[in-house]
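See below for final-v8.txt, which holds compact mmCIF, C-alpha atoms.
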# COMPACT_ATOMS: atom_id res chain seq x y z
CA MET A 1116 -17.98 -7.22 -2.87
CA THR A 1117 -20.76 -8.09 -0.46
CA THR A 1118 -21.34 -11.48 1.05
CA ALA A 1119 -23.75 -13.31 3.31
CA PRO A 1120 -23.13 -16.38 5.46
CA ARG A 1121 -22.43 -19.54 3.53
CA HIS A 1122 -25.54 -21.32 2.26
CA THR A 1123 -25.93 -24.89 1.09
CA ALA A 1124 -24.71 -25.98 -2.33
CA THR A 1125 -28.32 -25.84 -3.55
CA ALA A 1126 -28.36 -22.02 -3.58
CA PRO A 1127 -28.70 -20.86 -7.20
CA ALA A 1128 -26.07 -18.56 -8.70
CA VAL A 1129 -25.37 -16.85 -12.00
CA LEU A 1130 -22.25 -15.52 -13.71
CA VAL A 1131 -23.00 -12.52 -15.94
CA LEU A 1132 -20.45 -11.30 -18.50
CA GLU A 1133 -20.38 -7.72 -19.74
CA ASP A 1134 -21.29 -8.80 -23.27
CA GLY A 1135 -24.59 -10.13 -21.94
CA ARG A 1136 -23.89 -13.85 -21.81
CA ALA A 1137 -24.90 -15.59 -18.58
CA PHE A 1138 -23.97 -18.94 -17.05
CA HIS A 1139 -26.15 -20.48 -14.35
CA GLY A 1140 -24.93 -22.76 -11.56
CA ARG A 1141 -24.80 -23.14 -7.79
CA ALA A 1142 -23.17 -21.04 -5.10
CA TYR A 1143 -19.64 -22.12 -4.18
CA GLY A 1144 -17.99 -20.52 -1.17
CA ALA A 1145 -19.62 -17.33 0.07
CA VAL A 1146 -23.08 -16.27 -1.10
CA GLY A 1147 -23.57 -12.72 -2.30
CA GLU A 1148 -22.14 -10.75 -5.20
CA THR A 1149 -18.74 -9.86 -6.60
CA PHE A 1150 -17.28 -8.12 -9.65
CA GLY A 1151 -14.02 -8.42 -11.55
CA GLU A 1152 -12.37 -9.25 -14.84
CA ALA A 1153 -13.23 -12.77 -16.03
CA VAL A 1154 -10.09 -14.73 -16.95
CA PHE A 1155 -9.26 -18.42 -17.23
CA ALA A 1156 -6.37 -20.39 -15.72
CA THR A 1157 -5.22 -23.61 -17.37
CA GLY A 1158 -3.37 -25.32 -14.52
CA MET A 1159 -4.62 -28.76 -13.50
CA THR A 1160 -3.19 -28.37 -10.00
CA GLY A 1161 -2.05 -25.62 -7.66
CA TYR A 1162 -5.43 -23.99 -7.08
CA GLN A 1163 -4.44 -22.87 -3.58
CA GLU A 1164 -1.40 -21.00 -4.90
CA THR A 1165 -3.56 -19.48 -7.64
CA LEU A 1166 -6.15 -18.22 -5.20
CA THR A 1167 -3.54 -16.56 -2.99
CA ASP A 1168 -1.51 -15.00 -5.84
CA PRO A 1169 -1.89 -11.20 -5.46
CA SER A 1170 -1.65 -10.86 -9.26
CA TYR A 1171 -5.25 -12.14 -9.41
CA HIS A 1172 -6.56 -9.15 -7.44
CA ARG A 1173 -9.86 -7.95 -8.93
CA GLN A 1174 -10.18 -10.92 -11.27
CA VAL A 1175 -12.86 -13.61 -11.49
CA VAL A 1176 -10.86 -16.77 -12.16
CA VAL A 1177 -12.33 -19.58 -14.25
CA MET A 1178 -10.60 -22.94 -13.71
CA THR A 1179 -10.39 -24.95 -16.93
CA ALA A 1180 -9.60 -28.18 -15.05
CA PRO A 1181 -13.01 -29.72 -14.32
CA HIS A 1182 -12.35 -31.13 -10.82
CA ILE A 1183 -11.34 -28.57 -8.21
CA GLY A 1184 -10.95 -28.99 -4.44
CA ASN A 1185 -9.88 -32.64 -4.44
CA THR A 1186 -6.91 -32.01 -2.12
CA GLY A 1187 -8.66 -29.52 0.14
CA VAL A 1188 -6.78 -26.63 1.74
CA ASN A 1189 -3.72 -26.61 3.99
CA ASP A 1190 -1.86 -23.88 5.85
CA GLU A 1191 1.53 -24.38 4.19
CA ASP A 1192 0.85 -23.62 0.50
CA PRO A 1193 -0.67 -20.10 0.46
CA GLU A 1194 1.47 -17.60 -1.45
CA SER A 1195 0.30 -14.60 0.56
CA ARG A 1196 -1.72 -13.61 3.60
CA ARG A 1197 -5.16 -14.09 1.99
CA ILE A 1198 -7.13 -15.13 -1.08
CA TRP A 1199 -6.98 -12.35 -3.68
CA VAL A 1200 -9.28 -13.50 -6.49
CA ALA A 1201 -12.46 -11.47 -6.76
CA GLY A 1202 -14.50 -14.54 -7.63
CA TYR A 1203 -14.07 -18.22 -8.43
CA VAL A 1204 -15.69 -20.36 -11.13
CA VAL A 1205 -15.46 -24.17 -11.17
CA ARG A 1206 -17.25 -27.00 -12.90
CA ASP A 1207 -17.23 -30.00 -10.54
CA PRO A 1208 -16.16 -29.16 -6.98
CA ALA A 1209 -15.00 -32.01 -4.77
CA ARG A 1210 -17.65 -33.11 -2.31
CA ILE A 1211 -15.05 -34.49 0.11
CA PRO A 1212 -11.33 -33.56 -0.02
CA SER A 1213 -8.84 -36.42 0.14
CA ASN A 1214 -5.26 -35.56 1.00
CA TRP A 1215 -3.14 -36.16 4.10
CA ARG A 1216 -2.21 -32.45 4.25
CA SER A 1217 -5.79 -31.16 3.99
CA VAL A 1218 -7.17 -29.36 7.03
CA ARG A 1219 -10.47 -28.06 5.57
CA PRO A 1220 -12.49 -28.11 2.34
CA LEU A 1221 -11.87 -25.50 -0.33
CA ASP A 1222 -15.43 -24.21 -0.32
CA ALA A 1223 -15.18 -23.63 3.44
CA GLU A 1224 -11.98 -21.63 2.91
CA LEU A 1225 -13.64 -19.52 0.21
CA ALA A 1226 -16.66 -18.90 2.43
CA GLY A 1227 -14.47 -18.07 5.43
CA GLN A 1228 -12.67 -15.38 3.45
CA GLY A 1229 -15.82 -14.04 1.85
CA ILE A 1230 -15.00 -15.14 -1.70
CA VAL A 1231 -18.12 -15.48 -3.84
CA GLY A 1232 -17.94 -18.39 -6.28
CA ILE A 1233 -20.09 -20.45 -8.60
CA SER A 1234 -19.99 -24.16 -9.43
CA GLY A 1235 -21.75 -26.37 -11.94
CA VAL A 1236 -20.77 -24.07 -14.81
CA ASP A 1237 -19.74 -25.44 -18.22
CA THR A 1238 -16.22 -24.03 -17.88
CA ARG A 1239 -15.22 -25.40 -21.29
CA ALA A 1240 -17.93 -23.32 -23.00
CA LEU A 1241 -17.04 -20.31 -20.82
CA THR A 1242 -13.34 -20.60 -21.66
CA ARG A 1243 -14.07 -20.86 -25.38
CA HIS A 1244 -16.23 -17.74 -25.08
CA LEU A 1245 -13.43 -15.79 -23.36
CA ARG A 1246 -10.91 -16.96 -25.94
CA GLU A 1247 -13.13 -15.70 -28.74
CA ARG A 1248 -14.40 -12.48 -27.15
CA GLY A 1249 -11.52 -11.71 -24.77
CA ALA A 1250 -11.27 -11.18 -21.03
CA MET A 1251 -14.09 -8.94 -19.84
CA ARG A 1252 -15.86 -7.65 -16.77
CA ALA A 1253 -18.09 -10.11 -14.95
CA GLY A 1254 -20.21 -10.49 -11.87
CA ILE A 1255 -21.20 -13.52 -9.80
CA PHE A 1256 -24.53 -13.28 -8.00
CA SER A 1257 -26.19 -15.73 -5.61
CA GLY A 1258 -28.76 -15.77 -2.83
CA PRO A 1259 -30.28 -12.36 -2.05
CA ALA A 1260 -28.06 -10.73 -4.71
CA LEU A 1261 -29.93 -12.48 -7.53
CA SER A 1262 -32.15 -10.31 -9.71
CA ASP A 1263 -33.25 -10.13 -13.32
CA GLU A 1264 -30.33 -10.45 -15.74
CA GLU A 1265 -30.80 -7.00 -17.28
CA THR A 1266 -30.34 -5.39 -13.87
CA LEU A 1267 -27.31 -7.58 -13.14
CA LEU A 1268 -25.80 -6.78 -16.54
CA THR A 1269 -26.12 -3.06 -15.89
CA ARG A 1270 -24.26 -3.50 -12.61
CA VAL A 1271 -21.50 -5.52 -14.29
CA ARG A 1272 -21.02 -2.86 -16.94
CA SER A 1273 -20.68 -0.20 -14.23
CA ALA A 1274 -17.74 -2.03 -12.60
CA PRO A 1275 -14.27 -0.55 -13.23
CA PRO A 1276 -12.24 -2.10 -16.10
CA MET A 1277 -8.74 -3.51 -15.72
CA VAL A 1278 -7.28 -1.07 -18.26
CA GLY A 1279 -5.93 1.92 -16.36
CA ALA A 1280 -6.09 0.19 -12.97
CA ASP A 1281 -3.13 0.91 -10.67
CA LEU A 1282 -3.40 -1.92 -8.15
CA SER A 1283 0.07 -2.74 -6.83
CA ALA A 1284 -0.18 -0.64 -3.68
CA GLU A 1285 -3.49 -2.36 -2.83
CA VAL A 1286 -1.84 -5.78 -2.51
CA ALA A 1287 1.72 -4.94 -1.46
CA THR A 1288 3.07 -4.91 2.08
CA THR A 1289 2.72 -1.61 3.89
CA GLU A 1290 5.80 -2.19 6.03
CA PRO A 1291 9.25 -3.49 5.03
CA TYR A 1292 10.23 -6.96 6.21
CA VAL A 1293 13.26 -9.21 5.84
CA VAL A 1294 13.45 -12.81 4.65
CA PRO A 1295 16.81 -14.09 5.97
CA ALA A 1296 19.25 -16.08 3.88
CA ILE A 1297 19.20 -19.83 4.34
CA GLY A 1298 22.69 -20.79 5.47
CA GLU A 1299 25.53 -18.36 4.88
CA LYS A 1300 24.48 -14.91 3.74
CA ARG A 1301 26.10 -14.01 0.43
CA TYR A 1302 24.11 -11.09 -0.91
CA THR A 1303 21.43 -8.54 -0.02
CA VAL A 1304 18.53 -7.88 -2.38
CA ALA A 1305 15.90 -5.16 -2.18
CA ALA A 1306 12.66 -6.67 -3.51
CA ILE A 1307 9.97 -4.21 -4.57
CA ASP A 1308 6.64 -5.77 -3.59
CA LEU A 1309 4.22 -5.13 -6.44
CA GLY A 1310 2.24 -8.21 -5.42
CA ILE A 1311 5.01 -10.64 -4.49
CA LYS A 1312 4.37 -14.34 -3.84
CA GLY A 1313 5.91 -15.93 -0.76
CA MET A 1314 7.90 -18.52 -2.70
CA THR A 1315 9.87 -15.84 -4.56
CA PRO A 1316 11.99 -14.50 -1.65
CA HIS A 1317 12.28 -18.11 -0.46
CA ARG A 1318 13.93 -19.10 -3.76
CA MET A 1319 16.42 -16.28 -3.31
CA ALA A 1320 16.99 -17.15 0.36
CA GLN A 1321 17.90 -20.69 -0.74
CA ARG A 1322 20.76 -19.12 -2.67
CA GLY A 1323 22.19 -17.24 0.31
CA ILE A 1324 20.36 -13.99 -0.35
CA GLU A 1325 18.94 -11.84 2.43
CA VAL A 1326 15.78 -10.32 0.93
CA HIS A 1327 14.49 -6.94 2.09
CA VAL A 1328 10.88 -6.77 0.87
CA LEU A 1329 9.79 -3.16 0.42
CA PRO A 1330 6.37 -1.57 -0.25
CA ALA A 1331 5.41 -0.71 -3.83
CA THR A 1332 5.63 2.95 -2.79
CA ALA A 1333 9.28 2.70 -1.67
CA THR A 1334 11.56 5.54 -2.72
CA LEU A 1335 14.99 5.17 -4.29
CA GLU A 1336 16.55 6.28 -1.02
CA GLU A 1337 14.65 3.59 0.89
CA VAL A 1338 15.77 0.96 -1.62
CA TYR A 1339 19.43 1.83 -1.21
CA ALA A 1340 19.15 2.18 2.56
CA ALA A 1341 19.19 -1.64 2.60
CA GLY A 1342 22.62 -1.64 0.97
CA PRO A 1343 21.48 -3.97 -1.82
CA ASP A 1344 23.72 -5.95 -4.11
CA GLY A 1345 20.71 -6.28 -6.39
CA VAL A 1346 17.13 -5.09 -6.86
CA PHE A 1347 14.17 -7.33 -7.66
CA LEU A 1348 10.84 -6.30 -9.26
CA SER A 1349 8.02 -8.68 -8.38
CA ASN A 1350 4.85 -9.83 -10.05
CA GLY A 1351 1.62 -7.95 -9.39
CA PRO A 1352 -1.84 -6.96 -10.64
CA GLY A 1353 -3.16 -4.14 -12.77
CA ASP A 1354 -2.21 -2.16 -15.85
CA PRO A 1355 1.53 -1.41 -16.14
CA ALA A 1356 0.68 1.78 -18.05
CA ALA A 1357 -0.76 3.17 -14.81
CA ALA A 1358 2.21 2.20 -12.59
CA ASP A 1359 4.31 5.36 -12.92
CA HIS A 1360 6.05 5.19 -9.54
CA PRO A 1361 7.67 1.75 -10.01
CA VAL A 1362 8.78 2.83 -13.51
CA ALA A 1363 10.52 5.93 -12.16
CA LEU A 1364 12.09 3.84 -9.40
CA THR A 1365 13.39 1.33 -11.93
CA ARG A 1366 14.98 4.08 -14.01
CA GLY A 1367 16.84 5.21 -10.91
CA VAL A 1368 18.15 1.69 -10.32
CA LEU A 1369 19.27 1.42 -13.95
CA GLU A 1370 21.11 4.73 -13.70
CA ARG A 1371 23.06 3.39 -10.73
CA ARG A 1372 23.87 0.20 -12.68
CA THR A 1373 22.74 -2.05 -9.82
CA PRO A 1374 21.98 -5.64 -10.90
CA LEU A 1375 18.25 -5.89 -11.51
CA PHE A 1376 15.87 -8.81 -12.07
CA GLY A 1377 12.16 -8.51 -12.76
CA ILE A 1378 9.42 -11.10 -13.22
CA CYS A 1379 5.88 -10.87 -14.63
CA PHE A 1380 4.62 -7.36 -13.79
CA GLY A 1381 8.26 -6.50 -13.11
CA ASN A 1382 9.06 -7.35 -16.74
CA GLN A 1383 6.46 -4.83 -17.88
CA ILE A 1384 7.78 -2.20 -15.46
CA LEU A 1385 11.31 -2.69 -16.79
CA GLY A 1386 9.98 -2.48 -20.34
CA ARG A 1387 8.31 0.85 -19.61
CA ALA A 1388 11.45 2.12 -17.85
CA LEU A 1389 13.40 1.39 -21.04
CA GLY A 1390 10.89 3.30 -23.15
CA PHE A 1391 8.78 0.45 -24.55
CA GLY A 1392 5.01 0.53 -24.52
CA THR A 1393 2.68 -2.10 -23.07
CA PHE A 1394 -0.65 -3.44 -24.32
CA LYS A 1395 -3.50 -5.60 -23.09
CA LEU A 1396 -3.65 -9.16 -24.35
CA LYS A 1397 -6.97 -10.48 -25.63
CA TYR A 1398 -7.29 -13.07 -22.87
CA GLY A 1399 -3.81 -13.28 -21.33
CA HIS A 1400 -1.61 -16.16 -20.21
CA ARG A 1401 -2.61 -17.87 -16.97
CA GLY A 1402 -1.59 -21.35 -15.89
CA ILE A 1403 1.42 -23.56 -15.30
CA ASN A 1404 1.91 -25.06 -18.77
CA GLN A 1405 2.92 -22.18 -21.08
CA PRO A 1406 5.77 -22.87 -23.58
CA VAL A 1407 8.48 -20.21 -23.80
CA LYS A 1408 11.58 -20.21 -26.01
CA ASP A 1409 14.94 -18.82 -24.91
CA LEU A 1410 16.08 -17.06 -28.08
CA ALA A 1411 19.77 -17.27 -27.11
CA THR A 1412 19.87 -21.03 -26.61
CA GLY A 1413 16.82 -22.27 -28.49
CA ARG A 1414 15.76 -24.12 -25.36
CA VAL A 1415 12.02 -24.39 -24.72
CA GLU A 1416 10.79 -24.11 -21.15
CA VAL A 1417 7.37 -24.99 -19.77
CA THR A 1418 6.55 -22.10 -17.48
CA ALA A 1419 4.01 -20.67 -15.03
CA HIS A 1420 2.20 -17.49 -16.14
CA ASN A 1421 -0.29 -14.97 -14.83
CA HIS A 1422 -0.46 -11.83 -16.94
CA GLY A 1423 -2.98 -9.95 -19.04
CA PHE A 1424 -0.60 -7.27 -20.37
CA ALA A 1425 2.62 -7.52 -22.37
CA VAL A 1426 5.61 -5.44 -23.47
CA ASP A 1427 5.62 -4.06 -27.01
CA ALA A 1428 9.21 -4.59 -28.18
CA PRO A 1429 10.71 -5.85 -31.47
CA LEU A 1430 11.48 -9.58 -31.47
CA ASP A 1431 14.11 -9.55 -34.21
CA ALA A 1432 16.24 -6.50 -33.48
CA VAL A 1433 18.36 -4.95 -30.76
CA SER A 1434 16.77 -1.74 -29.49
CA GLU A 1435 18.65 1.40 -28.48
CA THR A 1436 17.32 2.90 -25.25
CA PRO A 1437 18.45 5.65 -22.82
CA HIS A 1438 19.94 2.83 -20.72
CA GLY A 1439 21.82 1.07 -23.52
CA ARG A 1440 21.03 -1.73 -25.92
CA VAL A 1441 18.19 -4.13 -25.15
CA GLU A 1442 17.06 -7.35 -26.78
CA VAL A 1443 14.06 -9.63 -26.36
CA SER A 1444 15.42 -12.76 -24.65
CA HIS A 1445 12.35 -15.01 -24.52
CA VAL A 1446 9.17 -15.40 -26.55
CA CYS A 1447 5.92 -17.31 -26.03
CA LEU A 1448 5.52 -20.07 -28.59
CA ASN A 1449 1.73 -19.82 -28.52
CA ASP A 1450 1.44 -16.24 -29.75
CA ASP A 1451 4.92 -14.63 -30.06
CA VAL A 1452 4.37 -12.39 -27.03
CA VAL A 1453 7.53 -10.91 -25.47
CA GLU A 1454 8.47 -13.09 -22.48
CA GLY A 1455 11.78 -11.57 -21.48
CA LEU A 1456 14.15 -8.62 -21.86
CA ARG A 1457 17.94 -8.45 -21.49
CA LEU A 1458 20.09 -5.35 -21.33
CA LEU A 1459 23.38 -5.71 -23.16
CA ASP A 1460 25.18 -2.76 -21.56
CA ARG A 1461 23.90 -2.92 -17.98
CA PRO A 1462 23.32 -5.77 -15.49
CA ALA A 1463 19.55 -6.12 -15.82
CA PHE A 1464 17.07 -8.64 -17.22
CA SER A 1465 13.49 -9.75 -16.76
CA VAL A 1466 11.00 -12.43 -17.74
CA GLN A 1467 7.25 -12.31 -18.11
CA TYR A 1468 6.65 -15.57 -16.25
CA HIS A 1469 7.15 -17.04 -12.76
CA PRO A 1470 10.48 -18.81 -12.17
CA GLU A 1471 9.56 -19.50 -8.53
CA ALA A 1472 6.87 -21.84 -9.98
CA ALA A 1473 4.50 -22.21 -7.06
CA ALA A 1474 2.64 -24.04 -8.40
CA GLY A 1475 4.27 -25.07 -11.64
CA PRO A 1476 7.29 -26.58 -13.40
CA HIS A 1477 10.84 -25.74 -12.36
CA ASP A 1478 12.30 -25.28 -15.85
CA ALA A 1479 13.03 -21.60 -15.17
CA ALA A 1480 14.58 -21.87 -11.69
CA TYR A 1481 18.01 -21.17 -13.22
CA LEU A 1482 17.01 -17.52 -13.60
CA PHE A 1483 17.63 -16.95 -9.89
CA ASP A 1484 21.15 -18.32 -10.43
CA ARG A 1485 21.57 -15.89 -13.32
CA PHE A 1486 20.63 -13.06 -10.95
CA VAL A 1487 23.26 -14.31 -8.48
CA SER A 1488 25.84 -14.32 -11.30
CA LEU A 1489 25.07 -10.69 -12.09
CA MET A 1490 25.68 -9.74 -8.47
CA GLU A 1491 28.89 -11.80 -8.40
CA ASP A 1492 30.17 -10.04 -11.50
CA GLN A 1493 29.27 -6.62 -10.13
CA ARG A 1494 31.02 -7.33 -6.83
CA ALA A 1495 34.11 -8.58 -8.63

What do you get writing this file as structure tokens?
Amino acid sequence: MTTAPRHTATAPAVLVLEDGRAFHGRAYGAVGETFGEAVFATGMTGYQETLTDPSYHRQVVVMTAPHIGNTGVNDEDPESRRIWVAGYVVRDPARIPSNWRSVRPLDAELAGQGIVGISGVDTRALTRHLRERGAMRAGIFSGPALSDEETLLTRVRSAPPMVGADLSAEVATTEPYVVPAIGEKRYTVAAIDLGIKGMTPHRMAQRGIEVHVLPATATLEEVYAAGPDGVFLSNGPGDPAAADHPVALTRGVLERRTPLFGICFGNQILGRALGFGTFKLKYGHRGINQPVKDLATGRVEVTAHNHGFAVDAPLDAVSETPHGRVEVSHVCLNDDVVEGLRLLDRPAFSVQYHPEAAAGPHDAAYLFDRFVSLMEDQRA
């Protein structure tokens, strides 16, 4: 990604998709060029949490909600140390933010962090195109980066695809750190940072858990050096088929029968550790309004998602694996994608969505309590 100083909103810009379709608009944020996988997010709020979610690394995010930036930017809501999206696409950006917590406009934040965006795009038409053709490589170009569309298309098609991309180590912490328990400490959890969001260890800390956040490259010995009562696999970017180290690490945890909980990318890592395959979804699930059914209770939860890959496991049968019997626990009601796994013979489970819900609904917050129950049972 290359950027130039922020220009005025009159600077022309173009979004070029790898299938040759182009959308013209105006520069939003930094001016320059950027490349990534074009995906759409359906949340009507929570854009600051979306931008700072490491799972969006190397993705050009299209916001389906037409009005973005109304509440500005504050310094309390980021989910990580920086904005991770490769590019940002909006229809009608707010001219003036209006919120008592706002400290600066969104476009200023994007420009300050060098994030190239485009506004004035018909995001409804763009979303329909991605739904029909699938997520694909894209480039945003503005200012000096503009050229004829054939040249820009060639550059987009030379960008690396998401399939085969091993990205966790690029977004994870390089040094371990500890998030202390809030109140009395009850348990210790080793959290493998594959792209963790800040709210996740906070949700565990609220339940009396001291969270040791470890790099994606952590070894099994480093995990158990923390003396964990449980192990957590976080969300993160990239293709799970390329993430061999976390898979091997997870198998080691399963062999020791330590309580384990995985979310989002962590669900895919657990699936691979159990012997299931993974596959790329046509356009993925991204947003804070995705319906998921708990197959054990029949309860439907509205959940927060951000994933472009899924686990390939049978929905209607218990599977035998090297680590015991496994069943699919949750399923997406939109397309029957696997949304959760539960081991029947070992203390481990995972979901494909975000129970920390920042931003998003809190229907799935009970999953952290389920993790606590596993650790209670194991201690007993």

Among listed residues A:Ser1465, A:Ser1444, A:Thr1179, A:Thr1266, nearest Thr1412 of chain A (using all atoms listed in the file): A:Ser1444

Nearest-residue call for Glu1370 of chain A, choices A:Gly1423, A:Gly1298, A:Gly1439, A:Pro1127, using only C-alpha atoms: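 Answer, going by the shortest atom-to-atom distance: A:Gly1439.
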
Place a sphere of radius 8 Å on (-16.9, -14.5, -19.4) in the file coordinates and name every protein, DNA or RNA residue with an atom inside or on its surface, counting only C-alpha atoms; give the answer as a PDB file with C-alpha atoms, keeping the file's coordinate frame.
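After the write, out-v2.pdb holds the following:
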ATOM      1  CA  LEU A1130     -22.250 -15.520 -13.710  1.00  0.00           C
ATOM      2  CA  VAL A1131     -23.000 -12.520 -15.940  1.00  0.00           C
ATOM      3  CA  LEU A1132     -20.450 -11.300 -18.500  1.00  0.00           C
ATOM      4  CA  GLU A1133     -20.380  -7.720 -19.740  1.00  0.00           C
ATOM      5  CA  ARG A1136     -23.890 -13.850 -21.810  1.00  0.00           C
ATOM      6  CA  ALA A1153     -13.230 -12.770 -16.030  1.00  0.00           C
ATOM      7  CA  VAL A1154     -10.090 -14.730 -16.950  1.00  0.00           C
ATOM      8  CA  LEU A1241     -17.040 -20.310 -20.820  1.00  0.00           C
ATOM      9  CA  THR A1242     -13.340 -20.600 -21.660  1.00  0.00           C
ATOM     10  CA  HIS A1244     -16.230 -17.740 -25.080  1.00  0.00           C
ATOM     11  CA  LEU A1245     -13.430 -15.790 -23.360  1.00  0.00           C
ATOM     12  CA  ALA A1250     -11.270 -11.180 -21.030  1.00  0.00           C
ATOM     13  CA  MET A1251     -14.090  -8.940 -19.840  1.00  0.00           C
ATOM     14  CA  ARG A1252     -15.860  -7.650 -16.770  1.00  0.00           C
ATOM     15  CA  ALA A1253     -18.090 -10.110 -14.950  1.00  0.00           C
TER      16      ALA A1253
END

Can you work out which one of A:Asp1192, A:Glu1491, A:Asp1354, A:Asp1263 has the shortest atom-to-atom distance to Met1277 of chain A, counting all atoms listed in the file?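 Distance minimum relative to Met1277 of chain A lands on A:Asp1354.
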
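Between atom CA of Phe1155 of chain A and atom CA of His1317 of chain A there is a distance of 27.3 Å.
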
Between atom CA of Ala1296 of chain A and atom CA of Ile1378 of chain A, what is the distance, to one decimal in Å?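 Those two atoms sit 20.3 Å apart.
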
Closest of A:Leu1329, A:Arg1494, A:Arg1387, A:Met1314 to Ala1480 of chain A - atom-to-atom distances counting only C-alpha atoms: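 Closest to Ala1480 of chain A of all the choices is A:Met1314.
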
So how many Å separate atom CA of Pro1259 of chain A and atom CA of Gly1147 of chain A, to one decimal?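 So the answer is 6.7 Å.
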
At a cut-off of 10 Å, using all atoms listed in the file, what residues contact Gln1467 of chain A? Leave out same-chain residues fewer than 3 positions from it and give the result as a list in words.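 Once the nearby chain positions are removed, what remains is Asn1350, Gly1377, Ile1378, Cys1379, Phe1380, Gly1381, Asn1382, Gln1383, His1400, Val1407, Thr1418, Ala1419, His1420, Asn1421, His1422, Phe1424, Ala1425, Val1426, His1445, Val1446, Cys1447, Val1452, Val1453, Glu1454, Gly1455, Leu1456 and Pro1470 of chain A.
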
Output C-alpha atoms for every residue in the selection just made, as an mmCIF file, in the coordinates of the input.
data_model
loop_
_atom_site.group_PDB
_atom_site.id
_atom_site.type_symbol
_atom_site.label_atom_id
_atom_site.label_comp_id
_atom_site.auth_asym_id
_atom_site.auth_seq_id
_atom_site.Cartn_x
_atom_site.Cartn_y
_atom_site.Cartn_z
ATOM 1 C CA ASN A 1350 4.850 -9.830 -10.050
ATOM 2 C CA GLY A 1377 12.160 -8.510 -12.760
ATOM 3 C CA ILE A 1378 9.420 -11.100 -13.220
ATOM 4 C CA CYS A 1379 5.880 -10.870 -14.630
ATOM 5 C CA PHE A 1380 4.620 -7.360 -13.790
ATOM 6 C CA GLY A 1381 8.260 -6.500 -13.110
ATOM 7 C CA ASN A 1382 9.060 -7.350 -16.740
ATOM 8 C CA GLN A 1383 6.460 -4.830 -17.880
ATOM 9 C CA HIS A 1400 -1.610 -16.160 -20.210
ATOM 10 C CA VAL A 1407 8.480 -20.210 -23.800
ATOM 11 C CA THR A 1418 6.550 -22.100 -17.480
ATOM 12 C CA ALA A 1419 4.010 -20.670 -15.030
ATOM 13 C CA HIS A 1420 2.200 -17.490 -16.140
ATOM 14 C CA ASN A 1421 -0.290 -14.970 -14.830
ATOM 15 C CA HIS A 1422 -0.460 -11.830 -16.940
ATOM 16 C CA PHE A 1424 -0.600 -7.270 -20.370
ATOM 17 C CA ALA A 1425 2.620 -7.520 -22.370
ATOM 18 C CA VAL A 1426 5.610 -5.440 -23.470
ATOM 19 C CA HIS A 1445 12.350 -15.010 -24.520
ATOM 20 C CA VAL A 1446 9.170 -15.400 -26.550
ATOM 21 C CA CYS A 1447 5.920 -17.310 -26.030
ATOM 22 C CA VAL A 1452 4.370 -12.390 -27.030
ATOM 23 C CA VAL A 1453 7.530 -10.910 -25.470
ATOM 24 C CA GLU A 1454 8.470 -13.090 -22.480
ATOM 25 C CA GLY A 1455 11.780 -11.570 -21.480
ATOM 26 C CA LEU A 1456 14.150 -8.620 -21.860
ATOM 27 C CA PRO A 1470 10.480 -18.810 -12.170
#

Nearest candidate to Asp1134 of chain A (options A:Gly1249, A:Gly1232, A:Gly1367, A:Pro1343; using all atoms listed in the file):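 For Asp1134 of chain A, the nearest of the given residues is A:Gly1249.
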
For Val1417 of chain A, the nearest of the candidates A:His1182, A:Arg1141, A:His1477, A:Arg1366, counting only C-alpha atoms: A:His1477

Starting from the block above, write segment 1347-1364 of chain A out to a file with C-alpha atoms, as a short mmCIF file (atom, residue, chain, number, x, y, z; two decimals), in the first residue's frame, please.
data_model
loop_
_atom_site.label_atom_id
_atom_site.label_comp_id
_atom_site.auth_asym_id
_atom_site.auth_seq_id
_atom_site.Cartn_x
_atom_site.Cartn_y
_atom_site.Cartn_z
CA PHE A 1347 -8.35 -20.19 24.06
CA LEU A 1348 -8.00 -19.95 20.26
CA SER A 1349 -8.82 -16.48 18.95
CA ASN A 1350 -10.21 -15.08 15.75
CA GLY A 1351 -7.83 -14.05 12.98
CA PRO A 1352 -7.27 -13.51 9.25
CA GLY A 1353 -6.21 -15.74 6.39
CA ASP A 1354 -6.75 -19.26 5.12
CA PRO A 1355 -6.97 -21.90 7.88
CA ALA A 1356 -5.57 -24.48 5.44
CA ALA A 1357 -2.25 -22.60 5.59
CA ALA A 1358 -2.12 -22.31 9.40
CA ASP A 1359 -0.24 -25.52 10.22
CA HIS A 1360 1.44 -24.36 13.43
CA PRO A 1361 -1.76 -23.47 15.34
CA VAL A 1362 -3.28 -26.79 14.20
CA ALA A 1363 -0.35 -28.78 15.59
CA LEU A 1364 -0.50 -26.74 18.80
#
